[in-house]
>>> print(open('entry-v8.pdb').read())   # PDB, C-alpha atoms
MODEL        1
ATOM      1  CA  ARG A   1     -50.666  64.035 -40.219
ATOM      2  CA  LYS A   2     -49.280  62.290 -43.245
ATOM      3  CA  PRO A   3     -47.399  65.222 -44.587
ATOM      4  CA  ILE A   4     -45.575  65.696 -41.247
ATOM      5  CA  PHE A   5     -44.540  62.041 -41.163
ATOM      6  CA  MET A   6     -43.573  62.197 -44.782
ATOM      7  CA  ARG A   7     -41.413  65.206 -44.169
ATOM      8  CA  LEU A   8     -39.757  63.577 -41.182
ATOM      9  CA  ARG A   9     -39.206  60.391 -43.113
ATOM     10  CA  ASN A  10     -37.841  62.210 -46.101
ATOM     11  CA  GLY A  11     -35.599  64.271 -43.801
ATOM     12  CA  ARG A  12     -34.178  61.179 -42.214
ATOM     13  CA  LEU A  13     -33.642  59.533 -45.552
ATOM     14  CA  ASN A  14     -31.917  62.624 -46.867
ATOM     15  CA  PHE A  15     -29.698  62.753 -43.802
ATOM     16  CA  LEU A  16     -28.688  59.072 -44.237
ATOM     17  CA  PHE A  17     -28.162  59.544 -47.943
ATOM     18  CA  ASN A  18     -25.952  62.540 -47.296
ATOM     19  CA  LYS A  19     -23.901  60.543 -44.800
ATOM     20  CA  LEU A  20     -23.391  57.727 -47.301
ATOM     21  CA  THR A  21     -22.310  60.072 -50.007
ATOM     22  CA  ILE A  22     -19.832  61.772 -47.693
ATOM     23  CA  ALA A  23     -18.371  58.362 -46.715
ATOM     24  CA  LYS A  24     -18.079  57.386 -50.388
ATOM     25  CA  GLU A  25     -16.353  60.641 -51.198
ATOM     26  CA  LYS A  26     -13.854  60.125 -48.390
ATOM     27  CA  LYS A  27     -13.052  56.613 -49.602
ATOM     28  CA  GLU A  28     -12.628  57.804 -53.149
ATOM     29  CA  HIS A  29     -10.348  60.616 -52.024
ATOM     30  CA  ALA A  30      -8.217  58.143 -49.974
ATOM     31  CA  ARG A  31      -7.996  55.798 -52.966
ATOM     32  CA  GLN A  32      -6.841  58.553 -55.193
ATOM     33  CA  HIS A  33      -4.014  59.507 -52.867
ATOM     34  CA  GLY A  34      -2.908  55.836 -52.315
ATOM     35  CA  MET A  35      -4.029  55.493 -48.748
ATOM     36  CA  ILE A  36      -6.340  52.541 -49.435
ATOM     37  CA  ARG A  37      -5.218  49.733 -51.644
ATOM     38  CA  THR A  38      -7.968  48.009 -53.419
ATOM     39  CA  GLU A  39      -5.952  45.282 -55.058
ATOM     40  CA  ILE A  40      -3.171  43.095 -53.684
ATOM     41  CA  SER A  41      -0.967  41.343 -56.176
ATOM     42  CA  GLY A  42      -0.175  37.605 -56.081
ATOM     43  CA  ALA A  43       3.519  38.297 -55.539
ATOM     44  CA  GLU A  44       2.765  40.351 -52.446
ATOM     45  CA  ILE A  45       0.529  37.568 -51.089
ATOM     46  CA  ALA A  46       3.222  34.953 -51.741
ATOM     47  CA  GLU A  47       5.842  37.146 -50.066
ATOM     48  CA  GLU A  48       3.647  37.625 -46.972
ATOM     49  CA  MET A  49       2.890  33.889 -46.823
ATOM     50  CA  GLU A  50       6.591  33.060 -47.070
ATOM     51  CA  LYS A  51       7.359  35.426 -44.166
ATOM     52  CA  GLU A  52       4.589  33.873 -42.059
ATOM     53  CA  ARG A  53       5.745  30.346 -42.976
ATOM     54  CA  ARG A  54       9.346  31.121 -41.961
ATOM     55  CA  PHE A  55       8.189  32.674 -38.692
ATOM     56  CA  PHE A  56       6.045  29.598 -37.966
ATOM     57  CA  GLN A  57       8.973  27.267 -38.767
ATOM     58  CA  LEU A  58      11.203  29.267 -36.437
ATOM     59  CA  GLN A  59       8.656  29.016 -33.628
ATOM     60  CA  MET A  60       8.230  25.253 -34.190
ATOM     61  CA  CYS A  61      12.014  24.703 -34.167
ATOM     62  CA  GLU A  62      12.336  26.580 -30.887
ATOM     63  CA  TYR A  63       9.461  24.566 -29.405
ATOM     64  CA  LEU A  64      10.941  21.235 -30.537
ATOM     65  CA  LEU A  65      14.367  22.213 -29.189
ATOM     66  CA  LYS A  66      12.837  22.973 -25.784
ATOM     67  CA  VAL A  67      10.908  19.681 -25.773
ATOM     68  CA  ASN A  68      14.029  17.741 -26.767
ATOM     69  CA  GLU A  69      16.064  19.513 -24.081
ATOM     70  CA  ILE A  70      13.469  18.634 -21.439
ATOM     71  CA  LYS A  71      13.414  14.967 -22.519
ATOM     72  CA  ILE A  72      17.199  14.723 -22.407
ATOM     73  CA  LYS A  73      17.312  16.430 -19.024
ATOM     74  CA  LYS A  74      14.684  14.064 -17.602
ATOM     75  CA  GLY A  75      16.493  11.001 -18.970
ATOM     76  CA  VAL A  76      19.876  12.153 -17.656
ATOM     77  CA  ASP A  77      18.434  13.039 -14.253
ATOM     78  CA  LEU A  78      16.737   9.661 -14.025
ATOM     79  CA  LEU A  79      19.939   7.814 -14.880
ATOM     80  CA  GLN A  80      21.985   9.914 -12.456
ATOM     81  CA  ASN A  81      19.560   9.150  -9.649
ATOM     82  CA  LEU A  82      19.626   5.460 -10.592
ATOM     83  CA  ILE A  83      23.431   5.453 -10.425
ATOM     84  CA  LYS A  84      23.354   7.168  -7.006
ATOM     85  CA  TYR A  85      20.874   4.551  -5.780
ATOM     86  CA  PHE A  86      23.102   1.742  -7.085
ATOM     87  CA  HIS A  87      26.147   3.161  -5.254
ATOM     88  CA  ALA A  88      24.156   3.513  -2.052
ATOM     89  CA  GLN A  89      22.990  -0.123  -2.331
ATOM     90  CA  CYS A  90      26.564  -1.316  -2.964
ATOM     91  CA  ASN A  91      27.866   0.592   0.073
ATOM     92  CA  PHE A  92      25.063  -0.745   2.252
ATOM     93  CA  PHE A  93      25.671  -4.369   1.310
ATOM     94  CA  GLN A  94      29.467  -4.016   1.581
ATOM     95  CA  ASP A  95      29.086  -2.569   5.086
ATOM     96  CA  GLY A  96      26.771  -5.452   5.987
ATOM     97  CA  LEU A  97      29.277  -7.984   4.660
ATOM     98  CA  LYS A  98      32.079  -6.389   6.697
ATOM     99  CA  ALA A  99      29.926  -6.494   9.841
ATOM    100  CA  VAL A 100      29.093 -10.176   9.282
ATOM    101  CA  GLU A 101      32.744 -11.028   8.655
ATOM    102  CA  ASN A 102      33.702  -9.243  11.904
ATOM    103  CA  LEU A 103      31.023 -11.130  13.851
ATOM    104  CA  LYS A 104      31.705 -14.566  12.319
ATOM    105  CA  PRO A 105      34.514 -15.636  14.738
ATOM    106  CA  SER A 106      32.512 -14.477  17.743
ATOM    107  CA  ILE A 107      29.419 -16.361  16.581
ATOM    108  CA  GLU A 108      31.409 -19.559  15.956
ATOM    109  CA  LYS A 109      32.993 -19.300  19.427
ATOM    110  CA  LEU A 110      29.586 -18.689  20.972
ATOM    111  CA  ALA A 111      28.153 -21.740  19.193
ATOM    112  CA  THR A 112      30.893 -24.034  20.531
ATOM    113  CA  ASP A 113      30.541 -22.590  24.047
ATOM    114  CA  LEU A 114      26.777 -23.131  23.946
ATOM    115  CA  HIS A 115      27.229 -26.714  22.820
ATOM    116  CA  THR A 116      29.633 -27.500  25.668
ATOM    117  CA  VAL A 117      27.417 -25.755  28.227
ATOM    118  CA  ARG A 118      24.376 -27.656  26.968
ATOM    119  CA  THR A 119      26.116 -31.025  27.181
ATOM    120  CA  LEU A 120      27.447 -30.269  30.673
ATOM    121  CA  LEU A 121      24.105 -29.002  31.920
ATOM    122  CA  SER A 122      22.146 -31.818  30.349
ATOM    123  CA  ASP A 123      24.504 -34.458  31.811
ATOM    124  CA  GLU A 124      24.437 -32.849  35.232
ATOM    125  CA  GLU A 125      20.682 -32.319  35.108
ATOM    126  CA  ARG A 126      20.132 -35.895  33.979
ATOM    127  CA  LYS A 127      22.195 -37.176  36.925
ATOM    128  CA  GLN A 128      20.239 -35.018  39.363
ATOM    129  CA  LEU A 129      16.913 -36.148  37.951
ATOM    130  CA  THR A 130      17.819 -39.850  38.078
ATOM    131  CA  GLN A 131      18.961 -39.453  41.697
ATOM    132  CA  LEU A 132      15.730 -37.656  42.577
ATOM    133  CA  ARG A 133      13.692 -40.363  40.841
ATOM    134  CA  ASP A 134      15.451 -43.117  42.781
ATOM    135  CA  VAL A 135      14.903 -41.309  46.065
ATOM    136  CA  LEU A 136      11.225 -40.775  45.283
ATOM    137  CA  LYS A 137      10.759 -44.432  44.300
ATOM    138  CA  THR A 138      12.236 -45.688  47.532
ATOM    139  CA  ALA A 139      10.188 -43.183  49.543
ATOM    140  CA  LEU A 140       7.001 -44.228  47.749
ATOM    141  CA  GLN A 141       7.737 -47.918  48.259
ATOM    142  CA  VAL A 142       8.254 -47.389  51.989
ATOM    143  CA  GLU A 143       5.133 -45.261  52.187
ATOM    144  CA  GLN A 144       3.152 -47.832  50.196
ATOM    145  CA  LYS A 145       4.181 -50.546  52.630
ATOM    146  CA  GLU A 146       3.117 -48.413  55.584
ATOM    147  CA  THR A 147      -0.228 -47.621  53.916
ATOM    148  CA  ASP A 148      -0.881 -51.290  53.149
ATOM    149  CA  ALA A 149      -0.097 -52.247  56.737
ATOM    150  CA  PHE A 150      -2.430 -49.540  58.050
ATOM    151  CA  LEU A 151      -5.249 -50.658  55.742
ATOM    152  CA  ASN A 152      -4.846 -54.282  56.823
ATOM    153  CA  ARG A 153      -5.121 -53.271  60.461
ATOM    154  CA  LEU A 154      -8.236 -51.252  59.698
ATOM    155  CA  GLU A 155      -9.897 -54.129  57.863
ATOM    156  CA  ASN A 156      -9.208 -56.481  60.717
ATOM    157  CA  ASN A 157     -10.564 -54.094  63.341
ATOM    158  CA  CYS A 158     -13.580 -52.721  61.413
ATOM    159  CA  ALA A 159     -14.761 -55.731  59.422
ATOM    160  CA  THR A 160     -18.405 -55.372  60.504
ATOM    161  CA  TYR A 161     -18.974 -51.755  59.469
ATOM    162  CA  SER A 162     -18.176 -50.141  56.151
ATOM    163  CA  LEU A 163     -19.215 -46.733  54.971
ATOM    164  CA  HIS A 164     -20.230 -48.120  51.582
ATOM    165  CA  GLN A 165     -21.689 -51.555  52.195
ATOM    166  CA  PRO A 166     -22.373 -53.779  49.163
ATOM    167  CA  GLN A 167     -25.946 -53.454  47.956
ATOM    168  CA  GLY A 168     -28.202 -56.322  46.911
ATOM    169  CA  ASN A 169     -29.130 -59.784  48.119
ATOM    170  CA  LYS A 170     -26.090 -61.849  49.082
ATOM    171  CA  GLU A 171     -27.843 -65.059  48.209
ATOM    172  CA  HIS A 172     -28.328 -64.038  44.587
ATOM    173  CA  GLY A 173     -25.120 -62.038  44.237
ATOM    174  CA  THR A 174     -24.399 -58.332  44.153
ATOM    175  CA  GLU A 175     -25.271 -57.748  40.519
ATOM    176  CA  ARG A 176     -28.668 -56.897  39.153
ATOM    177  CA  SER A 177     -30.033 -57.544  35.706
ATOM    178  CA  GLY A 178     -33.281 -56.756  33.933
ATOM    179  CA  PHE A 179     -35.317 -53.634  33.181
ATOM    180  CA  LEU A 180     -36.687 -50.933  35.391
ATOM    181  CA  PHE A 181     -40.378 -50.361  34.806
ATOM    182  CA  LYS A 182     -41.759 -46.927  35.537
ATOM    183  CA  LYS A 183     -45.410 -45.968  35.744
ATOM    184  CA  SER A 184     -46.378 -43.053  33.561
ATOM    185  CA  ASP A 185     -48.624 -40.307  34.762
ATOM    186  CA  GLY A 186     -50.357 -39.874  31.442
TER     187      GLY A 186
ENDMDL
END
>>> encode(input="entry-v8.pdb", output="structure tokens")
Amino acid sequence: RKPIFMRLRNGRLNFLFNKLTIAKEKKEHARQHGMIRTEISGAEIAEEMEKERRFFQLQMCEYLLKVNEIKIKKGVDLLQNLIKYFHAQCNFFQDGLKAVENLKPSIEKLATDLHTVRTLLSDEERKQLTQLRDVLKTALQVEQKETDAFLNRLENNCATYSLHQPQGNKEHGTERSGFLFKKSDG
């Protein structure tokens, strides 16, 4: 058993070794013909860095220009809208002022007319109410006299009977004083 495994293992190792040597040979051949550079000089690195730096600066400038343009556009748009709003407010209040100025004479005339109507109505109403009061007073006085006369006749005719006769002993008066005693059940 061991020799078979050893052969297999050795075969695999040889195969891998052969592969590595072939890869090394290919690399060496490419190096010889200048296809693979093993060393990069400092000047080449500096040149590449300078190109990358300039490209980055260009990109940053473009970005900052766009940001600045957006800020300016937003500020200008905001101010333009604010100016439009201001003009709309001015027009609204000027139209309101014109409407009030047009209505002012009519309102003043209406106020004077209302004052005269109120004074006329209040004077006329006051006269009517005083006349009605006088009529009612005289009617009540006449009615009061008739009622008094009727009550006197009733008292004279019905002096012996009254629906609500005075309670109590007439000898001692009609008022009672003292305490009411009540028996308790308990």
>>> atom_distance(input="entry-v8.pdb", atom1="atom CA of Glu52 of chain A", atom2="atom CA of Ile40 of chain A")
16.7 Å
>>> atom_distance(input="entry-v8.pdb", atom1="atom CA of Leu97 of chain A", atom2="atom CA of Leu110 of chain A")
19.5 Å
>>> atom_distance(input="entry-v8.pdb", atom1="atom CA of Ile83 of chain A", atom2="atom CA of Leu64 of chain A")
28.5 Å
